[in-house]
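Scroll down for the structure; my scribbles are underneath it.
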Amino acid sequence: MSKTIKNLILGLTIIIIVVIALFSGIYVLDDGEQAIIERFGEKISIEKSAGIKFKLPFIDKVNKIKTDNLYTLQYGYRSQTSGDTRNPAQYSDVPTEAIILTNGSYIVNVEAMLQYRIIDAEAFYYNVDDPQGTLRLAFEGVLRRNVQNKDIDDALRNKGAISSETKQELQKKINDYGLGLRIESLEIQNTTLPSEVKPSYDDVINARNEKDKLLDDAKKYRNEKLPSARAEAYKMIEDSKAYKADKVKRAQGDVARFNEVYEKYKLAKDVTRTRLKIETMEEILKAVKDIHIIDMDSEGTIKYLPLTPSSAKGAE
Amino acid sequence: MFDNEQSIAKENEVKKSVDTSIDLVKKLVKWIAIPIVLLVLFNMFAFTVKEDEVAVVRKLGETKKVIVDRDNEVAESQNDYKEEFKNVKIVKDKGLFFKIPFITSVQKETSKLLTYIAQPENINTYDKKQYEVSFFAQYEITHPGLYQVKLGSISKANSILDDLIYPIVINRINQAQSESFLTEKDTMYLTLQNGMEELNKKVAQYGIQLKDIEVYRTILPQTNIQSTYNKMKAERDAAAQEIRSEGKEEYDKTVAEVDREVTETTSNAIEESERIKGEADAEALNIYAYGYEAEVKDSNGNVTGTKKMNGYLIDPEFYEFWRSLQAYKEAIDEDTTIYMDKNNPFLKYFTN
């Protein structure tokens with residue numbers, strides 16, 4: 001082999017080794033990543049900003065952790081398929097998780113979820129074995145005890161309050177563990193009654209509605225009957241007052257007329273009497289259609305004289 | 001002769017190229033072999049302990065050093081649990097360490113927080129309520145030397161924890177009222193933490209320490225779940241029943257009240273109106289009999305005085321006469337047929 005070829009091969013090998021070394025000393029950190037640099041197992045530094053970074057080739061080891069990713073932990077249910085524009089996401093229940101006790105040992109079904117991020121890469125990397133599993137256990141423990149100390153009606157209604165209590169306590173607990181995670185959100189999505197008992201709970205609401213309606217009806221009854229009765233009563237009294245006024249007026253009128261006639265009578269009694277009689281007869285006979293004059297003195301059949309045309313037809 | 005020379009020359013050439021090739025290979029091997037040799041030497045004379053590891057360093061089987069976390073505070077006291085360990089050095093550092101090949105052996109464990117999960121267990125509270133309780137504990141290996149001697153593996157550690165934790169947790173739940181156990185989270189937390197301190201004294205000799213004990217799931221035993229559903233249903237049904245009968249009671253009460261008030265109002269009105277009518281009749285009779293004082297008005301309608309109108313008592317006979325004439329006028333109308341006697345005084349001037 002010629003000397004040049006020998007040198008070439010040697011040179012190439014050296015170059016390859018150098019290049020490998022160089023590559024081993026450079027790495028790239030993306031946005032949302034942190035890198036933990038270890039030398040002989042010992043943590044030397046943590047790189048938090050993005051860009052091209054340098055380290056000792058071969059000797060230093062780079063461990064990258066994604067700190068921007070939002071991870072989700074589901075409780076009481078699991079997604080089977082994620083939704084797309086045509087179909088909604090499918091879920092399956094996890095009953096052993098979902099059944100939670102409330103105060104008094106009643107049972108509700110709870111579905112919750114939390115979202116978290118790695119904020120302390122070093123802690124996350126070194127401190128806890130099985131971070132997700134540990135988080136899940138802690139989550140369940142804290143969630144349950146914040147539902148258990150509520151009355152069942154409270155638990156069904158106050159999802160928001162329970163969620164924020166749980167979030168606070170859980171964050172403290174995982175901080176104590178040194179998980180290096182931050183819970184970005186924790187929400188109870190659903191608290192429902194077991195399907196077996198739900199109809200009875202719904203019936204209570206129905207009963208309340210029915211009661212309200214009856215009370216309403218009672219009010220309506222009162223609002224109809226009372227004013228109506230009062231109005232009638234008022235009318236009755238007013239009518240009787242009118243009756244009174246009328247009667248008195250009439251009496252007064254009658255008496256006044258009597259007095260008028262009496263004044264005249266006092267002045268000439270007989271004349272007045274006769275006059276009155278004749279006036280009366282006149283008025284009567286004017287009005288009456290059927291007048292007959294009877295001769296009571298003659299014997300035999302009664303003769304009478306019709307004075308008006310109608311009675312003339314029937315005259316004998 | 002020429003052939004011989006040629007072949008010898010060729011031979012020499014081949015020999016030369018083989019030599020140089022061997023040379024090359026030697027050089028290459030040097031460049032590759034040296035790092036490898038260095039690596040092997042390195043591994044023989046040094047070892048690393050990562051941040052999430054702890055290690056036990058033994059010389060010829062005897063524990064000499066334990067390498068633990070920098071913030072470990074209990075390794076020293078745990079060391080006292082083994083007489084043979086009294087000279088063991090506790091190093092709180094990580095990274096590169098040196099050892100003597102073949103004589104020194106290093107055995108590593110994890111320093112991460114480990115989870116122990118207990119099997120669910122039916123436990124009774126003080127007031128005889130039964131729950132299926134699942135709990136977990138978090139622990140770490142704080143003295144790997146003791147750990148390796150006494151336990152040696154996670155499964156053995158779990159087994160020891162089974163034996164030790166259960167009684168303490170069960171005992172504490174047995175002493176709590178069911179309401180307290182379910183609802184007083186602070187109290188339960190404290191009593192478990194208290195139990196944990198007690199446990200840590202017991203597990204110290206195994207080179208581990210507990211960092212947390214928690215009940216993570218409390219449910220009713222399967223057999224009680226259905227009866228709980230029944231209870232819930234029955235309670236709600238009773239509540240619904242009560243609400244409905246309350247409603248009806250209210251309604252009936254209000255209706256009765258209203259009816260009573262209506263009757264009262266009506267009968268009061270009747271009474272009043274009858275009274276007024278009675279007054280009216282009496283007053284009218286009075287006026288007829290005794291008369292009344294009539295107002296006298298002038299042409300402008302102003303009242304100037306009163307005039308006495310007399311009642312019939314002033315002349316009862318004439319009143320009767322006059323009143324009868326009114327009655328005849330009223331009673332006789334156009335449909336009445338009148339028969340007059342020819343001797344009637346009214347006809348006095350008619351017939352003669």
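In the structure tokens, chains take letters A, B, ... by order of appearance, with residues numbered from 1 within each chain and ligands from 1 in the order shown.
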If you take only C-alpha atoms and a cut-off of 6 Å, which residues of chain B touch chain A, and what are their nearest atom pairs and distances in Å to one decimal, in chain and number order, as CSV?
```
residue,atom,partner,partner_atom,distance
B:Ser17,CA,A:Met1,CA,4.7
B:Thr48,CA,A:Phe40,CA,5.4
B:Val49,CA,A:Gly41,CA,5.5
B:Lys50,CA,A:Gly41,CA,3.9
B:Glu51,CA,A:Glu42,CA,5.9
B:Asp52,CA,A:Tyr126,CA,5.1
B:Lys94,CA,A:Glu42,CA,5.4
B:Gly95,CA,A:Glu42,CA,4.0
B:Leu96,CA,A:Phe40,CA,5.4
B:Lys112,CA,A:Val128,CA,4.8
B:Leu113,CA,A:Val128,CA,4.5
B:Leu114,CA,A:Asp129,CA,5.6
B:Leu182,CA,A:Gln148,CA,5.5
B:Thr183,CA,A:Asn149,CA,3.7
B:Tyr216,CA,A:Gly141,CA,3.6
B:Lys233,CA,A:Val197,CA,5.4
B:Arg236,CA,A:Ser200,CA,5.7
B:Asp237,CA,A:Ser200,CA,5.9
B:Ala240,CA,A:Val204,CA,4.6
B:Arg244,CA,A:Ala207,CA,5.6
B:Gly247,CA,A:Lys211,CA,4.4
B:Tyr251,CA,A:Ala218,CA,5.3
B:Val258,CA,A:Arg222,CA,5.8
B:Val262,CA,A:Ala229,CA,5.7
B:Thr266,CA,A:Ala233,CA,5.7
B:Ala269,CA,A:Ala233,CA,5.0
B:Ser273,CA,A:Ile237,CA,4.8
B:Lys277,CA,A:Ser240,CA,5.7
B:Ala280,CA,A:Lys244,CA,4.5
B:Ala284,CA,A:Val248,CA,5.3
B:Asp333,CA,A:Val288,CA,5.8
B:Glu334,CA,A:Val288,CA,3.9
B:Thr337,CA,A:Asp290,CA,4.7
B:Ile338,CA,A:Ile291,CA,4.8
B:Tyr339,CA,A:His292,CA,4.8
B:Met340,CA,A:Ile293,CA,4.8
B:Asp341,CA,A:Ile294,CA,5.0
B:Lys342,CA,A:Asp295,CA,5.7
```
What are the DSSP alpha helix (DSSP H) residues of segment 73-249 of chain A, as an MDAnalysis selection string? chainID A and resid 95:98 121:126 131:148 152:157 159:177 198:249
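You will find atom CA of Phe97 of chain B at 14.3 Å from atom CA of Lys59 of chain B.
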From a DSSP calculation on the backbone, collect every residue of segment 121-333 of chain B in strand (DSSP E) and output the set as a PyMOL selection string. chain B and resi 121-124+130-141+208-219+291-297+303-310
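The shell of residues at most 8 Å from Ala118 of chain B, with only C-alpha atoms counted and near chain neighbours (fewer than 4 positions) removed, consists of Ser134, Phe135, Phe136 and Asp162 of chain B.
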Please, could you write that set of residues out with N, CA and C atoms as a compact mmCIF listing (two decimals), in the first residue's frame?
```txt
# COMPACT_ATOMS: atom_id res chain seq x y z
N SER B 134 -58.76 1.66 50.26
CA SER B 134 -57.48 1.46 49.57
C SER B 134 -56.55 2.58 49.94
N PHE B 135 -55.33 2.24 50.32
CA PHE B 135 -54.40 3.31 50.65
C PHE B 135 -53.05 3.07 50.02
N PHE B 136 -52.26 4.11 49.99
CA PHE B 136 -50.91 3.99 49.44
C PHE B 136 -49.95 4.72 50.36
N ASP B 162 -46.55 -4.05 53.97
CA ASP B 162 -47.83 -4.72 54.19
C ASP B 162 -48.00 -5.06 55.67
```
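Taking atom CA of Val169 of chain B and atom CA of Val215 of chain B as the two end points, the separation is 9.0 Å.
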Among A:Val108, A:Leu186, A:Val271, A:Ile119, Ile152 of chain A is approached most closely, using only C-alpha atoms, by A:Val108
Please measure the separation of atom CA of Ile32 of chain B and atom CA of Lys16 of chain B, giving the value in Å to one decimal. 24.2 Å
